[in-house]
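S.K.: Can you keep this structure in mind? I'll have questions shortly.
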Amino acid sequence: MALLFSPLVLRSRTFRNRLWVSPMCMYSAVDGVPQSWHRTHLAQFASGGAGLIVAEATAVAAEGRISPRDTGIWTDEQRDVWARIVEDVHDRGGMIGLQLAHAGRKASTWWPWAAEGGSVPAAAGGWPTVAPSAIAFEGFAAPVALDAEGIEQVVAAFAAGARRAVDAGFDALEVHGAHGYLLHQFLSPLSNDRSDEYGGSLENRARLLLRVVDAVRDAAGPDLPVLVRLSATDYAEGGFMPEEAATVGRWCVAHGADLIDVSGGGTVARPRIDLRPGYQVPFAATIRSGGEVPTGAVGLITTAVQAEEVLASGAADVVFAGREWLRDPHFALRAAHELGGEVEWPAQYLRARWR
Ligand SMILES: Cc1cc2nc3c(=O)[nH]c(=O)nc-3n(C[C@H](O)[C@H](O)[C@H](O)COP(=O)(O)O)c2cc1C
């Protein structure tokens, strides 16, 4: 039996397989409210057999959006629209999680296909950004360093966002601690030069992330899985390192996280990455520490055979894919067909199962 199609139990949820949809921003929301694009986009992966769909980086506060077009979870209206999307996914036999995010110093930027790049000026709807320290990301406006009260507000925003996500019916919550966004900005010495209890030692740099994990676990209750996405490396000298990420991963689990989704990069504008198939899988293996910390691997995993090999190697418990799902929203059906795995086909599609 293919490992990829063996179920995974996390707390009260049994995920039907281990080929999951990685969170992907669609930059198509209006005032943080998901639109019809999101509804069809996310539901198609459920019909396509995904074990779990993690919906895009969704801001817990308006100023935490990467761009003005990001989805949000800071209002009841946003929650109610998400609830309908959750229902659509459940109707198709799928499960869906939400990535809770705050972009920090990388907020208020143009969406990728906008005519301009960099920070959105106030006149065009941009807003001032916050970060651990007043250190700008290359090419972006300088952020304001968060004071003690600002940090409390961030924790409260994650808690409120998590509560709304639970109320919307999501099957899992993912804390976005990666890609150079706010929580990762605290983790990385390249973006955090604070001298208080949130800067300096690894314990201090991880303090905000762990407070957020505590708050999200509290909102999730004992039954709902909580994932944490980490960048295992900054791909830059003096930055956050895989050994530190392994320690932080263990701390997250001790604080109630169920799985670490292991990504990389995002702190510097021109990282030195050796891009090749499965380039981040070794980081998932490091953080997994032989099975002590459940992990997900992500990054250029594009075929069923490759995904199966990642699991067989013991590097990860699940495989996340991003772009392959965009090329083929039925990636899991195809993978099951190729590996001879068991997947619940939508009755409407059964004629494609065998030949
Ligand atoms: C269109 C697009 C949007 C993305 N948005 C997010 C996001 O919201 N949150 C996140 O953690 N990663 C995001 N990513 C990164 C993916 O989740 C994934 O980690 C990355 O694409 C590598 O996996 P892949 O090679 O399978 O695509 C995005 C990637 C793409 C292509």
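Ordering of the structure tokens sets the chain letters (A, B, ...); residue numbers start at 1 within each chain; ligands are numbered from 1 in the order shown.
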Find the nearest atom pair between each residue of chain A and ligand 1 for residues within 10 Å, count only C-alpha atoms and all ligand atoms, give distances in Å to one decimal, sort rows by chain and ascending number, and present the table as a tab-separated table.

M.R.:
```
residue	atom	partner	partner_atom_place_in_ligand_line	distance
A:Trp20	CA	ligand 1	26 (O)	10.0
A:Val21	CA	ligand 1	17 (O)	7.9
A:Ser22	CA	ligand 1	17 (O)	4.3
A:Pro23	CA	ligand 1	17 (O)	4.4
A:Met24	CA	ligand 1	5 (N)	3.2
A:Cys25	CA	ligand 1	5 (N)	3.9
A:Met26	CA	ligand 1	1 (C)	6.3
A:Tyr27	CA	ligand 1	3 (C)	8.6
A:Val54	CA	ligand 1	17 (O)	8.8
A:Ala55	CA	ligand 1	8 (O)	7.5
A:Glu56	CA	ligand 1	8 (O)	4.0
A:Ala57	CA	ligand 1	8 (O)	3.8
A:Thr58	CA	ligand 1	8 (O)	7.3
A:Ala59	CA	ligand 1	8 (O)	9.9
A:Ile66	CA	ligand 1	8 (O)	9.1
A:Asp70	CA	ligand 1	8 (O)	8.9
A:Thr71	CA	ligand 1	8 (O)	9.5
A:Leu98	CA	ligand 1	8 (O)	9.9
A:Gln99	CA	ligand 1	9 (N)	7.1
A:Leu100	CA	ligand 1	9 (N)	9.2
A:Ala101	CA	ligand 1	9 (N)	8.3
A:Pro112	CA	ligand 1	1 (C)	9.0
A:Glu174	CA	ligand 1	11 (O)	9.2
A:Val175	CA	ligand 1	11 (O)	9.2
A:His176	CA	ligand 1	11 (O)	6.3
A:Gly177	CA	ligand 1	11 (O)	8.3
A:Ala178	CA	ligand 1	11 (O)	6.6
A:His179	CA	ligand 1	11 (O)	6.7
A:Gly180	CA	ligand 1	11 (O)	10.0
A:Tyr181	CA	ligand 1	11 (O)	9.4
A:Val228	CA	ligand 1	11 (O)	9.8
A:Arg229	CA	ligand 1	11 (O)	6.8
A:Leu230	CA	ligand 1	11 (O)	8.6
A:Ser231	CA	ligand 1	11 (O)	9.2
A:Asp261	CA	ligand 1	11 (O)	8.9
A:Val262	CA	ligand 1	19 (O)	8.5
A:Ser263	CA	ligand 1	19 (O)	6.0
A:Gly264	CA	ligand 1	19 (O)	8.1
A:Gly265	CA	ligand 1	19 (O)	9.9
A:Gly266	CA	ligand 1	12 (N)	9.9
A:Leu275	CA	ligand 1	25 (O)	9.6
A:Arg276	CA	ligand 1	25 (O)	9.5
A:Pro277	CA	ligand 1	25 (O)	8.2
A:Gly278	CA	ligand 1	25 (O)	8.0
A:Tyr279	CA	ligand 1	25 (O)	9.1
A:Gln280	CA	ligand 1	22 (C)	8.9
A:Ala297	CA	ligand 1	19 (O)	9.0
A:Val298	CA	ligand 1	23 (O)	5.2
A:Gly299	CA	ligand 1	23 (O)	3.7
A:Leu300	CA	ligand 1	25 (O)	3.4
A:Ile301	CA	ligand 1	26 (O)	5.5
A:Thr302	CA	ligand 1	26 (O)	6.5
A:Val319	CA	ligand 1	26 (O)	9.1
A:Phe320	CA	ligand 1	26 (O)	6.6
A:Ala321	CA	ligand 1	26 (O)	3.6
A:Gly322	CA	ligand 1	27 (O)	3.6
A:Arg323	CA	ligand 1	27 (O)	3.8
A:Glu324	CA	ligand 1	26 (O)	5.9
A:Trp325	CA	ligand 1	26 (O)	7.8
A:Leu326	CA	ligand 1	31 (C)	8.1
```

S.K.: DSSP says helix (DSSP H, G or I) for which residues of stretch 180-232 of chain A? Put them as an MDAnalysis selection string?

M.R.: chainID A and resid 182:187 202:205 207:220

S.K.: Using only C-alpha atoms, which protein or nucleic acid residues come within 6 Å of A:Ala46? Drop anything in the same chain fewer than 3 positions from it, and give the result as a list of chain:residue names.

M.R.: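 In the requested form, the answer reads A:Ala43, A:Gly49, A:Ala50, A:Val89, A:Arg92, A:Gly94.
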
S.K.: List as a count of residues only the protein and nucleic acid residues near stretch 336-339 of chain A, meaning an atom at most 8 Å away when only C-alpha atoms are counted, but skip any in the same chain fewer than 5 places from it.

M.R.: 6

S.K.: At a cut-off of 8 Å, using only C-alpha atoms, what residues contact stretch 236-246 of chain A? Leave out same-chain residues fewer than 4 positions from it and give the result as an mmCIF file with N, CA and C atoms, in the first residue's frame.

M.R.:
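So the final result, stored in around_30.cif, reads:
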```
data_model
loop_
_atom_site.group_PDB
_atom_site.id
_atom_site.type_symbol
_atom_site.label_atom_id
_atom_site.label_comp_id
_atom_site.auth_asym_id
_atom_site.auth_seq_id
_atom_site.Cartn_x
_atom_site.Cartn_y
_atom_site.Cartn_z
ATOM 1 N N LEU A 187 12.120 35.421 14.725
ATOM 2 C CA LEU A 187 13.054 34.283 14.846
ATOM 3 C C LEU A 187 14.430 34.601 14.270
ATOM 4 N N SER A 188 14.466 35.413 13.212
ATOM 5 C CA SER A 188 15.725 35.603 12.497
ATOM 6 C C SER A 188 16.544 36.763 13.050
ATOM 7 N N PRO A 189 17.825 36.506 13.354
ATOM 8 C CA PRO A 189 18.697 37.596 13.829
ATOM 9 C C PRO A 189 18.889 38.675 12.758
ATOM 10 N N LEU A 190 18.583 38.360 11.488
ATOM 11 C CA LEU A 190 18.752 39.367 10.432
ATOM 12 C C LEU A 190 17.659 40.434 10.479
ATOM 13 N N LEU A 202 17.923 32.405 21.289
ATOM 14 C CA LEU A 202 16.880 31.706 20.515
ATOM 15 C C LEU A 202 15.575 31.659 21.311
ATOM 16 N N LEU A 230 7.366 26.691 9.416
ATOM 17 C CA LEU A 230 8.634 27.353 9.733
ATOM 18 C C LEU A 230 9.499 27.420 8.483
ATOM 19 N N SER A 231 10.291 28.455 8.361
ATOM 20 C CA SER A 231 11.390 28.461 7.406
ATOM 21 C C SER A 231 12.587 27.897 8.148
ATOM 22 N N ALA A 232 13.078 26.758 7.672
ATOM 23 C CA ALA A 232 14.178 26.101 8.398
ATOM 24 C C ALA A 232 15.483 26.844 8.234
ATOM 25 N N ARG A 250 10.603 21.564 18.137
ATOM 26 C CA ARG A 250 10.326 20.775 19.365
ATOM 27 C C ARG A 250 9.561 21.615 20.379
ATOM 28 N N VAL A 268 15.608 37.341 3.256
ATOM 29 C CA VAL A 268 16.421 38.228 2.406
ATOM 30 C C VAL A 268 15.902 38.186 0.970
ATOM 31 N N PRO A 271 18.071 35.219 -1.773
ATOM 32 C CA PRO A 271 18.631 34.086 -1.043
ATOM 33 C C PRO A 271 19.477 33.209 -1.961
ATOM 34 N N ARG A 272 20.444 32.518 -1.366
ATOM 35 C CA ARG A 272 21.254 31.581 -2.164
ATOM 36 C C ARG A 272 20.647 30.182 -2.023
ATOM 37 N N PHE A 283 15.606 19.485 5.264
ATOM 38 C CA PHE A 283 15.253 20.292 6.443
ATOM 39 C C PHE A 283 14.109 19.628 7.212
ATOM 40 N N THR A 286 15.647 16.916 9.225
ATOM 41 C CA THR A 286 16.354 17.444 10.408
ATOM 42 C C THR A 286 15.358 17.763 11.514
ATOM 43 N N ILE A 287 14.277 18.439 11.162
ATOM 44 C CA ILE A 287 13.304 18.851 12.189
ATOM 45 C C ILE A 287 12.539 17.646 12.732
ATOM 46 N N ARG A 288 12.324 16.632 11.869
ATOM 47 C CA ARG A 288 11.570 15.443 12.314
ATOM 48 C C ARG A 288 12.335 14.668 13.383
ATOM 49 N N SER A 289 13.657 14.791 13.366
ATOM 50 C CA SER A 289 14.512 14.129 14.374
ATOM 51 C C SER A 289 14.125 12.668 14.559
#
```

S.K.: So that I can see what lies close to stretch 116-132 of chain A, please list as a PDB file with C-alpha atoms, in the first residue's frame the residues with an atom at most 9 Å from it, counting only C-alpha atoms and leaving out residues fewer than 2 positions away in the same chain.

M.R.:
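Writing done, so here's out_11.pdb:
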```
ATOM      1  CA  GLU A  63      -2.211  45.742   8.791  1.00  0.00           C
ATOM      2  CA  GLY A  64      -0.910  42.164   8.645  1.00  0.00           C
ATOM      3  CA  SER A  67      -1.109  43.091  -0.028  1.00  0.00           C
ATOM      4  CA  PRO A  68      -4.426  44.942  -0.012  1.00  0.00           C
ATOM      5  CA  ALA A 103       3.179  39.910   7.302  1.00  0.00           C
ATOM      6  CA  GLY A 104       4.954  42.408   9.608  1.00  0.00           C
ATOM      7  CA  ARG A 105       7.540  44.408   7.658  1.00  0.00           C
ATOM      8  CA  LYS A 106       6.542  42.619   4.437  1.00  0.00           C
ATOM      9  CA  ALA A 107       2.962  43.913   4.622  1.00  0.00           C
ATOM     10  CA  SER A 108       1.397  46.609   2.426  1.00  0.00           C
ATOM     11  CA  THR A 109       3.060  45.468  -0.810  1.00  0.00           C
ATOM     12  CA  TRP A 110       1.765  45.201  -4.346  1.00  0.00           C
ATOM     13  CA  TRP A 111       0.352  41.849  -5.453  1.00  0.00           C
ATOM     14  CA  PRO A 112       2.631  39.944  -7.848  1.00  0.00           C
ATOM     15  CA  TRP A 113       0.973  40.920 -11.125  1.00  0.00           C
ATOM     16  CA  ALA A 114       0.409  44.609 -10.219  1.00  0.00           C
ATOM     17  CA  ALA A 134      12.968  49.070  12.440  1.00  0.00           C
ATOM     18  CA  ILE A 135      14.927  47.151   9.799  1.00  0.00           C
ATOM     19  CA  ALA A 136      13.412  47.303   6.296  1.00  0.00           C
ATOM     20  CA  GLY A 139      13.160  47.539  -1.406  1.00  0.00           C
ATOM     21  CA  PHE A 140      10.272  47.938   1.054  1.00  0.00           C
ATOM     22  CA  ALA A 141       9.296  50.830   3.357  1.00  0.00           C
ATOM     23  CA  ALA A 142      10.866  50.795   6.851  1.00  0.00           C
ATOM     24  CA  PRO A 143       8.669  49.267   9.585  1.00  0.00           C
ATOM     25  CA  VAL A 144       8.070  50.582  13.103  1.00  0.00           C
ATOM     26  CA  ALA A 145       9.452  48.368  15.891  1.00  0.00           C
ATOM     27  CA  LEU A 146       6.623  46.861  17.955  1.00  0.00           C
ATOM     28  CA  ASP A 147       6.456  48.011  21.586  1.00  0.00           C
ATOM     29  CA  GLY A 150       1.906  46.205  20.045  1.00  0.00           C
ATOM     30  CA  ILE A 151       3.154  42.690  20.806  1.00  0.00           C
ATOM     31  CA  TYR A 181       6.715  37.309   7.785  1.00  0.00           C
ATOM     32  CA  LEU A 182       6.191  38.704  11.272  1.00  0.00           C
ATOM     33  CA  LEU A 183       6.767  35.597  13.434  1.00  0.00           C
ATOM     34  CA  GLN A 185      11.046  38.195  11.568  1.00  0.00           C
ATOM     35  CA  PHE A 186      11.267  37.644  15.311  1.00  0.00           C
ATOM     36  CA  SER A 191      15.431  41.103  11.157  1.00  0.00           C
ATOM     37  CA  ASN A 192      15.429  41.091  14.967  1.00  0.00           C
ATOM     38  CA  ASP A 193      17.985  43.133  16.914  1.00  0.00           C
ATOM     39  CA  ARG A 194      15.831  43.706  19.999  1.00  0.00           C
ATOM     40  CA  TYR A 198      11.875  39.108  22.454  1.00  0.00           C
ATOM     41  CA  GLY A 199      15.413  39.425  21.033  1.00  0.00           C
TER      42      GLY A 199
END
```

S.K.: Kindly give the distance, in Å, that separates atom CA of A:Ala83 and atom CA of A:Gly169, rounded to a single decimal.

M.R.: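 Between these atoms lies a distance of 6.2 Å.
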
S.K.: For A:Val226, which of A:Ala62, A:Ala332, A:Val310, A:Leu10 is the closest residue, counting only C-alpha atoms?

M.R.: A:Leu10

S.K.: Between atom CA of A:Trp82 and atom CA of A:His38, what distance in Å does the model show, to one decimal?

M.R.: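 So the answer is 9.3 Å.
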
S.K.: Mind giving me the straight-line distance from atom CA of A:Arg39 to atom CA of A:Asp88 in Å, one decimal?

M.R.: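 About the pair atom CA of A:Arg39 and atom CA of A:Asp88: they are 7.5 Å apart.
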